[in-house]
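Novice: Got a structure for you, written out below as C-alpha cells; questions coming shortly.
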Amino acid sequence: MSRSLDDVTAVQGAFDVAAWADEVRALAAQRDAVILAHNYQVPEIQDVAHHVGDSLALSRIAAKADASTIVFCGVHFMAETAKILAYDKTVLIPDEKAGCSLAETINGEQLRAWKAQHPGAVVVSYVNTTAEVKAETDICCTSSNAVDVVASIPADREILFCPDQFLGAHVQRTLARDNMHIWMGECHVHAGINGAELRRRVMEEPEADLYIHPECGCATSALYLVESGVVPKERAHILSTGGMGEAALTTKAKKVLIATETGIIHQLQKSNPLVIFEPINRAAVCKYMKMITPEKLLACLKNGRDEVTVPADIADRARRSVEAMIALGTPSKTGE
Ligand code: 13P
Ligand code: SF4
C-alpha cells in the first residue's frame, strides 16, 4: 500500500522526497496523467515532472500529449494555454489561485478598447495573458520567440504588443521597428531585477557571463554595459528560460549570473554541474509559481482538483492565436 505525504512526514518528522515522488508518479499513472512543470517550480516538482521547460516548450508538449490528463505545475495562464491546445483533455493545476501579476495588467475589455484606437493593427500578445486576451489576439508569443513572431509580420503593419513593456522594448530594439505600440505592463519579479543591482553584481564578478530574461527591468542596462565595454558582447545573453537551459549545456564560463526567477537555477545546475550559476537578485522569487507545493501536487493527483476550464467560444478564438505562434517553429533564443 502506498504511503501518503502526511504519513511519511508524520513518521519521519521530515519530508521524504523519494516516498513522495514514488506516490506522485504512481498516482499519475493511475490517472493516465502527464505532469508538466515550469522552470520556476520548486526543485522537487521539477524533478518529479515528466517534462520541465519554458512556457513555449510546455505548450507544445501539451498540444501533443497522449495522456488523457495534463497536470500543469505552473501558473494559471499556462494551464489555461494547455487547455486551449488540448481541449478534449482534463487539465489540472494544483492551485487555481496561482496567478501572474503580468497577466493581470490587461484584460479583454482593455485590449478591445486599445484595438478600437488602432484599427487594422496586428495584435501580438505574450502568452502571459488570460484566455480572453488571447481570444482578442492575432498571434501570441513567448519570451523565446517574440522577436521571430514580430519579424514575421509585414513591416508596414502597425503592431499592438502586450502586455510586457520590457519584452516589447527588447523586440523593438532588436528589430528597430518604429510602428510598434507597447502596453506598459510588467512582471513584479522581473521588473525588480534592476540595472543598479546588475551593475553591482557585474563589478563583483567581472569574469562571469550574464543570462538575462527579456522581462527584466535590467535588460536595457545590460546592453548599456555591453555598449560601454564593461561586459564583452559574447558574455551577455538575453534569453528565455528555455534558452538559458540550452546555453548552460555548452557554456565555457566558470560562473554565470542569472537575471530571472531563481527556480531556474536548479535546472541550470543540473544541465551543467561544472558551472556556478548565481542569481543576480536572490529575492527574485515568484510567489505565484511557489504556490504549487509538493503537498498540493499530491492532493491534486488524489482529488482531481483544481480543474482548469475555458468556455468553448473563447478557447476556439484563443487557439487560433496560440497555434499561429506554434506554426512559426521553435526558436530557442530571443534573437539577441
Ligand atoms: P518563459 O517564457 O521563459 O518560460 O517565461 C515565462 C514567465 O512567466 C517569465 O516570468
Ligand atoms: Fe508572472 Fe512574473 Fe511570475 Fe512569470 S515570474 S509567472 S511573469 S508573475
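Identifiers in the C-alpha cells: chain A, B, ... in order shown; residue index from 1 per chain; ligand index from 1 in order shown.
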Give the residues close to ligand 2, within 10 Å, counting only C-alpha atoms and all ligand atoms; write them as an NGL selection string.
Specialist: :A and (38 or 40 or 55 or 74-78 or 98-104 or 126-129 or 164 or 186-191 or 215-216 or 260-263 or 284-290)
Novice: Check stretch 131-248 of chain A with DSSP on the backbone and list each residue it calls alpha helix (DSSP H), as a ChimeraX atom specification.
Specialist: /A:131-135,146-151,165-175,188-191,195-204,219-227,241-248
Novice: If the limit is 6 Å from any atom of ligand 1, counting only C-alpha atoms and all ligand atoms, which residues qualify? Return them as a list in words.
Specialist: Asp54, Ser55, Thr142, Ser143, Ser240, Thr241 and Gly242 of chain A
Novice: Next, dump the selected residues to file, keeping only N, CA, C and O atoms, as an mmCIF file, in the first residue's frame.
Specialist:
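Writing done, so here's out.cif:
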data_model
loop_
_atom_site.group_PDB
_atom_site.id
_atom_site.type_symbol
_atom_site.label_atom_id
_atom_site.label_comp_id
_atom_site.auth_asym_id
_atom_site.auth_seq_id
_atom_site.Cartn_x
_atom_site.Cartn_y
_atom_site.Cartn_z
ATOM 1 N N ASP A 54 10.238 25.793 -20.581
ATOM 2 C CA ASP A 54 9.710 27.160 -20.586
ATOM 3 C C ASP A 54 8.283 27.133 -21.116
ATOM 4 O O ASP A 54 7.746 26.068 -21.472
ATOM 5 N N SER A 55 7.655 28.290 -21.170
ATOM 6 C CA SER A 55 6.229 28.294 -21.499
ATOM 7 C C SER A 55 5.961 27.806 -22.921
ATOM 8 O O SER A 55 4.962 27.129 -23.163
ATOM 9 N N THR A 142 6.082 33.996 -26.955
ATOM 10 C CA THR A 142 6.658 33.769 -25.627
ATOM 11 C C THR A 142 8.000 34.495 -25.614
ATOM 12 O O THR A 142 8.407 35.068 -26.636
ATOM 13 N N SER A 143 8.701 34.407 -24.492
ATOM 14 C CA SER A 143 9.993 35.095 -24.437
ATOM 15 C C SER A 143 10.997 34.441 -25.376
ATOM 16 O O SER A 143 11.983 35.053 -25.755
ATOM 17 N N SER A 240 15.244 33.408 -23.024
ATOM 18 C CA SER A 240 14.106 32.856 -22.289
ATOM 19 C C SER A 240 14.654 31.823 -21.304
ATOM 20 O O SER A 240 15.833 31.446 -21.363
ATOM 21 N N THR A 241 13.795 31.304 -20.449
ATOM 22 C CA THR A 241 14.303 30.290 -19.509
ATOM 23 C C THR A 241 14.758 29.039 -20.265
ATOM 24 O O THR A 241 15.729 28.401 -19.891
ATOM 25 N N GLY A 242 14.058 28.711 -21.367
ATOM 26 C CA GLY A 242 14.466 27.553 -22.172
ATOM 27 C C GLY A 242 15.808 27.819 -22.847
ATOM 28 O O GLY A 242 16.675 26.937 -22.908
#
Novice: If you measure from atom CA of A:Ile153 to atom CA of A:Leu223, what distance in Å do you get, rounded to one decimal?
Specialist: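 A separation of 25.3 Å between them.
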Novice: Rounded to one decimal in Å, what is the spacing between atom CA of A:Gln172 and atom CA of A:Met325?
Specialist: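 Rounded to one decimal, the two atoms are 18.2 Å apart.
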Novice: A:Phe277, A:His170, A:Pro311, A:Ile182: which is nearest A:Val123, counting only C-alpha atoms?
Specialist: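 Using only C-alpha atoms, the shortest distance to A:Val123 belongs to A:Ile182.
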